[in-house]
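Take a look at the structure below.
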Amino acid sequence: MKFLPYILRNVMRNKLRAAFTGMSIAVSLFLVTVLYAYLNVQDEQGEKSKKFARIVVTAKQGLTFPVPIAHVDKVRAMPGVKAAVPLSWFGGKYKDEKIPFGQFATDPKQIMEVLAEYKVAAGSLEKFQSDRGGCMVGSRAAEQRGWKVGDNIVLKGDIYPVTLELTIDGIFDSDESSDQLESLWYHFAYMDELLKKERSQSAGNAGTIFVKADSPEKLDDLMREINLKFANTDRPVRAVTEQAFRQMFTEMLGNVQSYIRNVALAVVISLMLVAGNAMAMSMRERTREVAVLKAIGFTRFIVLSLVLVEAILIAVAGGAIGVLGAKTLFAMRDVVFRGIPGIAGFYVPWSTVIFGMALAAMIGLFSGIIPAWRAAQVSVVDGLRKVV
Amino acid sequence: MVPIKYNIRSIRARWVSSLMTVIGTGLVVWASVLAFGLSEGLNHTLEVSGEPSDLIIMRKGSTAETNSSVSESVAREIETLAGIAVNAEGAKLCSPELVVLDNVPRRGNGAGNANMMVRGVTPVAKELRGGFKIVEGRENRPGVREAITSRSMAKRFVGAGLGEQLYAIDSEPFLIVGLFEAGQGATESEVWSDIEVVAQAAKRTGVRSSIQLRTNNPTDAAALTDRIKNDEQFGLDAISEPAYFAEQANSGMALKIVGRTIAIILTIGAMFAVANTMYAAVASRAREIGTLRAVGFGRMPVLLSFLLESILLCVAGGVLGCLGVLPLNGLSTGTANWQTFSELTFAFRFGPMVLAQALLLALFMGTAGGLFPAIRATRLKIVDALREI
């Protein structure tokens, strides 16, 4: 500890070099943090969803096959089910937005029992329930488009051959970041009526059923029972946890994980070389000093540690800027880009921050090893004689 | 000009430090090119998928076949319209098709599931796909649960290999009897079977997803498009195939933006590292710089010389990075096409444009990173510099 001032002074000796090494690590680790945060957010959201004890029921063949709306009542009647609602992706076009946001047909009576973590202003749920052409919008969706209660929204169907004309009855919000906050809920009955008028084959499709169970412990049994109940019908289903449902979308992206790992690995190795190079340059300039240190009695171990700690300090300082910078940036700013699933409501979880800082420390350690070892090996006589 | 030989020898004299810089920038370029090659591969697949004289007919308002439905009777009416090309046997090149998605496991541990596109077709469909040919096995027979698919799909999905049983849509399997090629386009991401077999399996009898047809010439195409679009009874839309696939390139856009962002951030990071190396080079060669100046080289040649050295290091790294990705060229991969909600298989593609972009990145790293150190070199006073030890 008493060597800290000496180490700090060494760090600051060549300010430009320390700053550049630090910035190189900061910028690159910013990227690695954001990439890993993408993976960690999926895991964290999935993990968090466990406590809500929800099950998602889709058609056995996946989301593009219909789930008859009659299934919802049948599921509701099953023991262990607290509430169940259809949640059907409309995927309509809003104004000239290229990529559709979440627009879900649902049952206003039970939606807030199933998605219980969301809050609305007093009275607006009742208003929504009694207003057939009404909708509830997430706080982020409203913020991004400047929507207010009472505004009218027109959504042109792409999957469904109907156009929805909706009035905003309320805005829902939650304490924690969630992708639902970028979406909108409206009456399933309203859409179905329009579809029936069109004599569309898509009428009566619940899309998915979100089920709230009595307790998290009973999820496995309940899923098995739901699967069994519809196994021998025309429309078999697959019941999965909300976590597994989310994971399905990340899986569809393909081997993103291995891609992110490869990029991160390349970046980390590159940073080790770069920081190690800078450290080696510093040590070359200080050969004589190291010899003096040894001449006055510093052990090899201390010399080695001094250099290692210096390298780690620089890397951790740079890493802190990059990693915490990413954390702050995404805490303050919403990501509006919707080209990738799971990116709505993006943030940097603390687990990623810890991971990023650990990477920084590791980069520092590895970048310091060779210069430190070399310093420890310096022979006093040669070192003192050396003209740099 | 200071001879380049001077720079090359300087790089060699400090080879450990030079090598580290080269590998460091090389890795950064490698990671960037990987992203570029991915997005180039995806775009290539969608670009080669369309034939300008071919039309896709879908329900009005649908942007993808998977979202569209056309009743069988309307589909038959479409076939009777004028302007549709005929083949050698006199049959109209008009193909009603039914696409169905199923969530099917990919091969490999932890590779997850993806939505596979199964297309129900009639024999005429093949003639509407440029470069379509069976390369292994045989064609599927109508009315039987047989299917054909591409080589890349055979490698990618469980049960999609030649002679294997593919469990899709309902509980019965499809026997894969042949593998086809279709000019590297989006068709190579599909499994084909007989339209009635698919309709029955998916319980979608009486409907089609889309109709694909070939017109004789652009005039006919325009006339037919108008005829179909303006018929209120149909409620359909006709668009040319290239336009259809261009719309789908939206999915590729996301990948492109992400790739570019990664490359830009990494390049900035690498710039700092290069600057470090070059500052050290300038500092340790003060005496040499003084000598150069003393023997008559001006400030500009010295500046250019150091800039050149920095660029040399980075371009060497860039070349290394490009060489590093070449083994991955043509490697088949896949991702979700969010427009159709199904898996699109494609191959990494490191074409000349991608490699040129990579080298441009390296050039930028070298120039931006080397500029300030090079300026410092020109600012050294000759007398002081010569006195440095």
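Residues in the structure tokens are numbered from 1 in each chain, the chains being A, B, ... in the order shown, and ligands are numbered from 1 in the order shown.
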Chain A residues near chain B (8 Å cut-off, only C-alpha atoms) as a PyMOL selection string: chain A and resi 17+20-21+23-28+31+61-62+64-65+156-161+248+251-255+262-263+266-267+269-271+273-275+277-278+281+339-340+387-388
Can you write just those residues out, N, CA and C atoms, as a CSV table (one decimal), in the first residue's frame?
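What landed in out08.csv:
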chain,number,residue,atom,x,y,z
A,17,ARG,N,0.8,8.8,-22.9
A,17,ARG,CA,0.8,7.4,-23.1
A,17,ARG,C,-0.3,6.7,-22.2
A,20,PHE,N,-3.7,7.5,-23.6
A,20,PHE,CA,-4.0,6.8,-24.8
A,20,PHE,C,-4.3,5.3,-24.6
A,21,THR,N,-3.4,4.7,-23.8
A,21,THR,CA,-3.7,3.3,-23.4
A,21,THR,C,-5.1,3.2,-22.8
A,23,MET,N,-7.6,5.2,-23.0
A,23,MET,CA,-8.7,5.5,-23.9
A,23,MET,C,-9.0,4.3,-24.9
A,24,SER,N,-7.9,3.7,-25.3
A,24,SER,CA,-8.0,2.6,-26.2
A,24,SER,C,-8.8,1.5,-25.5
A,25,ILE,N,-8.5,1.2,-24.2
A,25,ILE,CA,-9.2,0.2,-23.5
A,25,ILE,C,-10.6,0.7,-23.2
A,26,ALA,N,-10.8,2.0,-22.9
A,26,ALA,CA,-12.1,2.5,-22.6
A,26,ALA,C,-13.1,2.3,-23.8
A,27,VAL,N,-12.6,2.7,-25.0
A,27,VAL,CA,-13.5,2.7,-26.2
A,27,VAL,C,-13.8,1.2,-26.5
A,28,SER,N,-12.8,0.4,-26.5
A,28,SER,CA,-13.0,-1.0,-26.9
A,28,SER,C,-13.9,-1.8,-25.9
A,31,LEU,N,-17.6,-1.1,-26.2
A,31,LEU,CA,-18.2,-2.0,-27.2
A,31,LEU,C,-18.5,-3.4,-26.6
A,61,GLN,N,-46.6,-25.7,-33.6
A,61,GLN,CA,-45.7,-25.5,-34.7
A,61,GLN,C,-45.0,-24.1,-34.6
A,62,GLY,N,-45.4,-23.3,-33.6
A,62,GLY,CA,-44.7,-22.0,-33.4
A,62,GLY,C,-45.7,-20.9,-33.6
A,64,THR,N,-46.5,-18.8,-35.9
A,64,THR,CA,-47.3,-18.5,-37.1
A,64,THR,C,-48.5,-19.3,-37.2
A,65,PHE,N,-48.7,-20.4,-36.4
A,65,PHE,CA,-49.9,-21.2,-36.4
A,65,PHE,C,-50.9,-20.6,-35.4
A,156,LYS,N,-52.3,0.0,-39.6
A,156,LYS,CA,-52.7,-0.8,-40.9
A,156,LYS,C,-52.2,-2.2,-40.8
A,157,GLY,N,-53.1,-3.1,-40.9
A,157,GLY,CA,-52.7,-4.5,-40.8
A,157,GLY,C,-51.8,-5.0,-41.9
A,158,ASP,N,-50.8,-5.9,-41.5
A,158,ASP,CA,-49.9,-6.5,-42.5
A,158,ASP,C,-50.2,-8.0,-42.5
A,159,ILE,N,-50.2,-8.6,-41.2
A,159,ILE,CA,-50.6,-10.0,-41.1
A,159,ILE,C,-52.1,-10.1,-41.2
A,160,TYR,N,-52.8,-9.2,-40.7
A,160,TYR,CA,-54.3,-9.3,-40.7
A,160,TYR,C,-54.8,-8.2,-41.7
A,161,PRO,N,-55.9,-8.6,-42.4
A,161,PRO,CA,-56.4,-7.7,-43.5
A,161,PRO,C,-57.3,-6.6,-42.9
A,248,MET,N,-36.6,-17.9,-27.3
A,248,MET,CA,-36.9,-18.4,-28.6
A,248,MET,C,-36.5,-17.3,-29.7
A,251,GLU,N,-32.8,-17.1,-30.0
A,251,GLU,CA,-32.3,-18.3,-30.8
A,251,GLU,C,-32.5,-18.1,-32.3
A,252,MET,N,-33.6,-17.4,-32.6
A,252,MET,CA,-33.9,-17.2,-34.1
A,252,MET,C,-32.8,-16.4,-34.7
A,253,LEU,N,-32.2,-15.5,-34.0
A,253,LEU,CA,-31.1,-14.7,-34.5
A,253,LEU,C,-29.9,-15.5,-35.0
A,254,GLY,N,-29.8,-16.8,-34.5
A,254,GLY,CA,-28.7,-17.6,-34.9
A,254,GLY,C,-27.6,-17.5,-33.9
A,255,ASN,N,-26.4,-17.8,-34.4
A,255,ASN,CA,-25.3,-17.9,-33.4
A,255,ASN,C,-24.7,-16.5,-33.0
A,262,ASN,N,-16.6,-14.2,-30.1
A,262,ASN,CA,-15.4,-14.1,-31.0
A,262,ASN,C,-14.9,-12.6,-31.1
A,263,VAL,N,-15.8,-11.7,-31.3
A,263,VAL,CA,-15.5,-10.3,-31.4
A,263,VAL,C,-14.8,-9.9,-30.0
A,266,ALA,N,-11.3,-11.3,-29.7
A,266,ALA,CA,-10.3,-10.5,-30.6
A,266,ALA,C,-10.0,-9.2,-29.9
A,267,VAL,N,-11.0,-8.5,-29.4
A,267,VAL,CA,-10.8,-7.2,-28.8
A,267,VAL,C,-9.9,-7.3,-27.6
A,269,ILE,N,-7.7,-9.7,-26.7
A,269,ILE,CA,-6.3,-10.0,-27.1
A,269,ILE,C,-5.6,-8.8,-27.6
A,270,SER,N,-6.3,-8.1,-28.5
A,270,SER,CA,-5.8,-6.9,-29.1
A,270,SER,C,-5.4,-5.9,-28.1
A,271,LEU,N,-6.3,-5.7,-27.1
A,271,LEU,CA,-6.0,-4.7,-26.0
A,271,LEU,C,-4.8,-5.2,-25.1
A,273,LEU,N,-2.2,-6.9,-26.2
A,273,LEU,CA,-1.0,-6.6,-26.9
A,273,LEU,C,-0.7,-5.1,-26.9
A,274,VAL,N,-1.8,-4.3,-27.1
A,274,VAL,CA,-1.6,-2.8,-27.2
A,274,VAL,C,-1.1,-2.3,-25.8
A,275,ALA,N,-1.8,-2.7,-24.7
A,275,ALA,CA,-1.4,-2.2,-23.4
A,275,ALA,C,-0.1,-2.7,-23.0
A,277,ASN,N,2.3,-3.5,-25.0
A,277,ASN,CA,3.3,-2.7,-25.8
A,277,ASN,C,3.6,-1.4,-25.1
A,278,ALA,N,2.6,-0.7,-24.7
A,278,ALA,CA,2.8,0.6,-24.0
A,278,ALA,C,3.6,0.4,-22.7
A,281,MET,N,7.2,-0.2,-23.4
A,281,MET,CA,7.9,1.0,-23.8
A,281,MET,C,8.3,1.8,-22.6
A,339,GLY,N,-34.6,-2.8,-34.9
A,339,GLY,CA,-34.2,-3.8,-35.9
A,339,GLY,C,-33.9,-5.2,-35.4
A,340,ILE,N,-33.7,-5.3,-34.1
A,340,ILE,CA,-33.2,-6.5,-33.4
A,340,ILE,C,-34.2,-6.8,-32.3
A,387,VAL,N,22.5,2.9,-21.1
A,387,VAL,CA,22.1,4.2,-21.5
A,387,VAL,C,20.8,4.1,-22.4
A,388,VAL,N,19.7,4.7,-22.0
A,388,VAL,CA,18.5,4.5,-22.7
A,388,VAL,C,18.4,5.6,-23.8
So which residues touch Ser95 of chain B within 7 Å, counting only C-alpha atoms, skipping near sequence neighbours fewer than 6 positions away, as a PDB file with N, CA, C and O atoms, in the first residue's frame?
ATOM      1  N   THR B 122     -46.417 -26.509 -56.906  1.00  0.00           N
ATOM      2  CA  THR B 122     -46.771 -27.390 -58.016  1.00  0.00           C
ATOM      3  C   THR B 122     -45.521 -27.485 -58.896  1.00  0.00           C
ATOM      4  O   THR B 122     -44.600 -26.685 -58.719  1.00  0.00           O
ATOM      5  N   VAL B 124     -44.632 -26.432 -61.651  1.00  0.00           N
ATOM      6  CA  VAL B 124     -44.214 -25.264 -62.417  1.00  0.00           C
ATOM      7  C   VAL B 124     -43.303 -24.317 -61.601  1.00  0.00           C
ATOM      8  O   VAL B 124     -42.553 -23.523 -62.164  1.00  0.00           O
ATOM      9  N   ALA B 125     -43.357 -24.433 -60.276  1.00  0.00           N
ATOM     10  CA  ALA B 125     -42.595 -23.511 -59.414  1.00  0.00           C
ATOM     11  C   ALA B 125     -41.106 -23.484 -59.744  1.00  0.00           C
ATOM     12  O   ALA B 125     -40.464 -22.431 -59.722  1.00  0.00           O
ATOM     13  N   ILE B 211     -48.978 -16.010 -55.217  1.00  0.00           N
ATOM     14  CA  ILE B 211     -48.891 -16.556 -56.564  1.00  0.00           C
ATOM     15  C   ILE B 211     -47.663 -15.939 -57.203  1.00  0.00           C
ATOM     16  O   ILE B 211     -47.477 -14.715 -57.150  1.00  0.00           O
ATOM     17  N   GLN B 212     -46.820 -16.772 -57.758  1.00  0.00           N
ATOM     18  CA  GLN B 212     -45.661 -16.233 -58.456  1.00  0.00           C
ATOM     19  C   GLN B 212     -45.866 -16.517 -59.933  1.00  0.00           C
ATOM     20  O   GLN B 212     -46.276 -17.613 -60.305  1.00  0.00           O
ATOM     21  N   LEU B 213     -45.586 -15.520 -60.757  1.00  0.00           N
ATOM     22  CA  LEU B 213     -45.767 -15.757 -62.189  1.00  0.00           C
ATOM     23  C   LEU B 213     -44.734 -14.992 -63.005  1.00  0.00           C
ATOM     24  O   LEU B 213     -44.132 -14.028 -62.530  1.00  0.00           O
TER      25      LEU B 213
END
Task: segment 316-325 of chain A surroundings by only C-alpha atoms, 7 Å radius, close-in-sequence under 4 positions cut, as a list of chain:residue names - done: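 Here the answer would be A:Gly22, A:Met23, A:Ile25, A:Ala26, A:Val27, A:Leu29, A:Phe30, A:Thr33, A:Ile312, A:Leu329, A:Val353, A:Gly356, A:Met357, A:Ala360, A:Ala361.
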Practice problem: Give the strand (DSSP E or B) residues of segment 141-378 of chain B, as assigned by DSSP on the backbone, as a PyMOL selection string. | Solution: chain B and resi 146-150+157+165-167+173-182+190-194+207-208+210-215+236-240+332-337+342-347
Students should find that atom CA of Ala186 of chain B and atom CA of Arg151 of chain B are spaced 12.8 Å
